[in-house]
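Below is one structure, written out as structure tokens; comments come after it.
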2 protein chains.
Amino acid sequence: MNIKHNKEDVLRKGMELFRLNGYHNTGTKEIIKEAGISRGSFYNFFIDKDDFGIQVLDYYGVWSTDYMKELLNDTNLNPKQRLIHLFDLFIEGYKRDHYKWGCLLVGMTQELGQINPSFTNACERNFESFVAVFQACIEEGQAAGVISKKQDARGLTLTMLSMYNGALVLMKSGMHHEPLEAFQTQLALILTP
Amino acid sequence: MNIKHNKEDVLRKGMELFRLNGYHNTGTKEIIKEAGISRGSFYNFFIDKDDFGIQVLDYYGVWSTDYMKELLNDTNLNPKQRLIHLFDLFIEGYKRDHYKWGCLLVGMTQELGQINPSFTNACERNFESFVAVFQACIEEGQAAGVISKKQDARGLTLTMLSMYNGALVLMKSGMHHEPLEAFQTQLALILTP
DNA sequence: TTGTAATTAGATAGATTGGTCTAATTAATT
DNA sequence: AATTAATTAGACCAATCTATCTAATTACAA
């Protein structure tokens, strides 16, 4: 028997398409086709495309933070090493897929930020989840004396996330690996006490 | 007599609208109306919307780098101070306009990166212009011993640009001033030798 | 002034989009 | 087996978008 197509499959496929091609460049037609469901089912699951978009954002947020939490709980490494390891893994993944992915939150913020307040809220909400996860690790590292205290935990987290998101943008613009490498180099510098 | 509406006015208005609302969220209808020209004139100036989009990107690149060069030639300040001053001014501007602007290159990269190779090229080309301008200043600062040499000039430039672009994304997502402040704090740290 | 070029408003075409609806089929439940 | 619920394909609609075209007007140059 075939595996049943459920709501989560559609969300995952939508996440994939939006990350690759953006929100407006992905039609409901394509989502439906790629997810292998019918038009009727799509509009049973979701009120409209915007509703779907926001659910995709939240799905992406949970999907990402779950993985991040997992990596940042690796007690074989100290907090600083965990962060570096996490980004090493992420960047490896981008490289493997020829730098075609990007961060969905970055893309959606840019594309829909000023348009629809629901999207703005969803972007900020999920960015704040990212911040929370990273900040916990940085606080632990600062307390243990393995992460620099030159900037407070929240500020250092925002800096690190900014640096990473910005590097992904440069990567996607066609520079590929170089900005990621610069990020890795500088990350080690700013984390070191 | 009224000031004549020329091609440059349309480019400037397009730049403004694309920065505010994105490429797909801005119709030719709106561009034409806001620029105060006729439909016919628009398609006399530009082959199609994509052609217009790319010319807007290059216009934004020149417009930005011109201003950046001007600020980075202020010999009353040393190179490090010039960079900090430049970002202070930019951030002041964002604040004054209630954080509604963003970087056009970031937005276009995200929205059209994987879609149209002409756009990808235009984004990378203009990002490289930014890099060239910043890198010259950083090299000067490193040679003069007022900017850190922990990372090479190109790497430090990419890092700084990433950090800034990423902070703008967080800003636009609704966090407003906080990520910008974190950026300013960390910028001083990474530039200091 | 006359003739040429540029610009205008706006109708219109053609394609695509998001979203609804229906009638048939499949799956689940009692 | 009988009944109810879920899902399907795809026709369909209204709105929107890019782009073209026309006919009238304006600006400019000889």
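Letters for chains follow the order of the structure tokens (A, B, ...), residue numbers begin at 1 for each chain, and ligand numbers begin at 1 in the order shown.
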With a distance cut-off of 12 Å and only C-alpha atoms (C1' of nucleotides), select the neighbouring residues of D:DA19, excluding the residue or stretch itself and same-chain residues fewer than 5 positions from it, and output the selection as a PDB file with C-alpha atoms (C1' of nucleotides), in the first residue's frame.
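After the write, out.pdb holds the following:
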```pdb
ATOM      1  CA  THR B  28       4.117  47.376 -13.737  1.00  0.00           C
ATOM      2  CA  LYS B  29       0.864  49.208 -13.227  1.00  0.00           C
ATOM      3  CA  ARG B  39       2.572  52.482 -20.205  1.00  0.00           C
ATOM      4  CA  GLY B  40       3.979  53.155 -23.650  1.00  0.00           C
ATOM      5  CA  PHE B  42       7.766  52.282 -19.871  1.00  0.00           C
ATOM      6  CA  TYR B  43       7.978  49.755 -22.684  1.00  0.00           C
ATOM      7  CA  ASN B  44       9.976  52.242 -24.736  1.00  0.00           C
ATOM      8  CA  PHE B  46      12.624  48.802 -21.061  1.00  0.00           C
ATOM      9  CA  ILE B  47      12.148  45.586 -22.988  1.00  0.00           C
ATOM     10  CA  ASP B  48      10.065  43.985 -20.258  1.00  0.00           C
ATOM     11  CA  LYS B  49       9.733  43.852 -16.498  1.00  0.00           C
TER      12      LYS B  49
ATOM     13  C1'  DT C  12      -7.259  45.009 -25.363  1.00  0.00           C
ATOM     14  C1'  DA C  13      -5.102  40.553 -25.687  1.00  0.00           C
ATOM     15  C1'  DG C  14      -3.246  36.335 -23.749  1.00  0.00           C
ATOM     16  C1'  DA C  15      -1.565  33.965 -20.046  1.00  0.00           C
TER      17       DA C  15
END
```
(message) At a cut-off of 10 Å, using only C-alpha atoms (C1' of nucleotides), what residues contact B:Phe87? Leave out same-chain residues fewer than 4 positions from it and give the result as a VMD selection string.
(response) chain B and resid 68 71 82 to 83 91 to 93 164 180 183 to 184 187
Save the residues we just selected, N, CA and C atoms, as a short mmCIF file (atom, residue, chain, number, x, y, z; two decimals), in the first residue's frame?
```cif
data_model
loop_
_atom_site.label_atom_id
_atom_site.label_comp_id
_atom_site.auth_asym_id
_atom_site.auth_seq_id
_atom_site.Cartn_x
_atom_site.Cartn_y
_atom_site.Cartn_z
N MET B 68 28.66 55.21 -0.63
CA MET B 68 29.63 54.54 0.23
C MET B 68 31.04 55.08 0.00
N LEU B 71 31.56 58.41 1.63
CA LEU B 71 31.75 58.34 3.07
C LEU B 71 33.11 57.74 3.43
N ARG B 82 35.88 55.40 9.68
CA ARG B 82 35.03 55.66 8.51
C ARG B 82 33.96 54.59 8.36
N LEU B 83 34.38 53.35 8.51
CA LEU B 83 33.42 52.24 8.37
C LEU B 83 32.32 52.34 9.43
N ILE B 91 22.24 53.17 9.56
CA ILE B 91 21.31 52.68 10.57
C ILE B 91 20.40 53.80 11.08
N GLU B 92 20.99 54.97 11.20
CA GLU B 92 20.19 56.14 11.55
C GLU B 92 19.05 56.33 10.54
N GLY B 93 19.39 56.17 9.27
CA GLY B 93 18.39 56.31 8.21
C GLY B 93 17.28 55.27 8.33
N TYR B 164 26.04 42.66 8.31
CA TYR B 164 25.16 43.81 8.07
C TYR B 164 23.88 43.38 7.36
N LEU B 180 20.37 45.61 14.87
CA LEU B 180 21.28 46.63 14.34
C LEU B 180 22.27 47.07 15.41
N PHE B 183 24.79 44.45 15.86
CA PHE B 183 25.75 44.54 14.75
C PHE B 183 26.79 45.62 15.03
N GLN B 184 26.34 46.78 15.45
CA GLN B 184 27.29 47.88 15.71
C GLN B 184 28.29 47.51 16.80
N LEU B 187 30.65 44.90 15.36
CA LEU B 187 31.50 45.46 14.31
C LEU B 187 32.73 46.11 14.91
#
```
(request) as a ChimeraX atom specification, please: all residues of chain B that backbone DSSP puts in helix (DSSP H, G or I). (result) /B:7-21,28-35,39-45,49-71,79-96,104-112,117-144,153-175,177-191
(message) Give me, as a ChimeraX atom specification, all polymer residues having an atom no more than 8 Å from B:Gly166, counting only C-alpha atoms (C1' of nucleotides) and skipping those fewer than 5 positions away in the same chain.
(response) /A:161-167
Those residues with N, CA and C atoms, as a PDB file, in the first residue's frame please?
```pdb
ATOM      1  N   LEU A 161      23.604  34.983  14.369  1.00  0.00           N
ATOM      2  CA  LEU A 161      22.518  34.652  13.449  1.00  0.00           C
ATOM      3  C   LEU A 161      22.532  35.579  12.236  1.00  0.00           C
ATOM      4  N   SER A 162      22.771  36.858  12.481  1.00  0.00           N
ATOM      5  CA  SER A 162      22.884  37.819  11.375  1.00  0.00           C
ATOM      6  C   SER A 162      23.989  37.404  10.424  1.00  0.00           C
ATOM      7  N   MET A 163      25.129  37.107  10.995  1.00  0.00           N
ATOM      8  CA  MET A 163      26.299  36.749  10.194  1.00  0.00           C
ATOM      9  C   MET A 163      26.010  35.524   9.340  1.00  0.00           C
ATOM     10  N   TYR A 164      25.340  34.580   9.938  1.00  0.00           N
ATOM     11  CA  TYR A 164      25.016  33.343   9.229  1.00  0.00           C
ATOM     12  C   TYR A 164      23.997  33.599   8.118  1.00  0.00           C
ATOM     13  N   ASN A 165      22.931  34.295   8.456  1.00  0.00           N
ATOM     14  CA  ASN A 165      21.915  34.590   7.445  1.00  0.00           C
ATOM     15  C   ASN A 165      22.498  35.396   6.299  1.00  0.00           C
ATOM     16  N   GLY A 166      23.308  36.379   6.645  1.00  0.00           N
ATOM     17  CA  GLY A 166      23.922  37.202   5.613  1.00  0.00           C
ATOM     18  C   GLY A 166      24.851  36.396   4.723  1.00  0.00           C
ATOM     19  N   ALA A 167      25.580  35.477   5.331  1.00  0.00           N
ATOM     20  CA  ALA A 167      26.478  34.630   4.539  1.00  0.00           C
ATOM     21  C   ALA A 167      25.676  33.758   3.577  1.00  0.00           C
TER      22      ALA A 167
END
```
(request) Using atom CA of B:Ser148 and atom CA of A:Ala182 as the two end points, give the distance in Å to one decimal. (result) 14.6 Å
(message) Residues near A:Tyr94, anyone? I mean within 12 Å using only C-alpha atoms (C1' of nucleotides), not counting same-chain ones fewer than 2 positions away, as an MDAnalysis selection string.
(response) chainID A and resid 87:92 96:103 167:168 171:172 176:177 180
(message) Quick check: residues of chain B within 7 Å of chain A, only C-alpha atoms, returned as number ranges by chain.
(response) B: 20-22, 24, 106-107, 109-111, 113-115, 120, 123-124, 155, 158-159, 162-163, 165-167, 169, 172-175, 179, 182-183, 186
(request) Enumerate as a ChimeraX atom specification the residues belonging to chain C that approach chain A to within 8 Å, with only C-alpha atoms (C1' of nucleotides) taken into account. (result) /C:17-19
(request) Go ahead and compute the interatomic distance for atom CA of B:Asp50 and atom CA of A:Lys33, in Å to one decimal. (result)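 According to the coordinates, atom CA of B:Asp50 and atom CA of A:Lys33 are separated by 27.0 Å.
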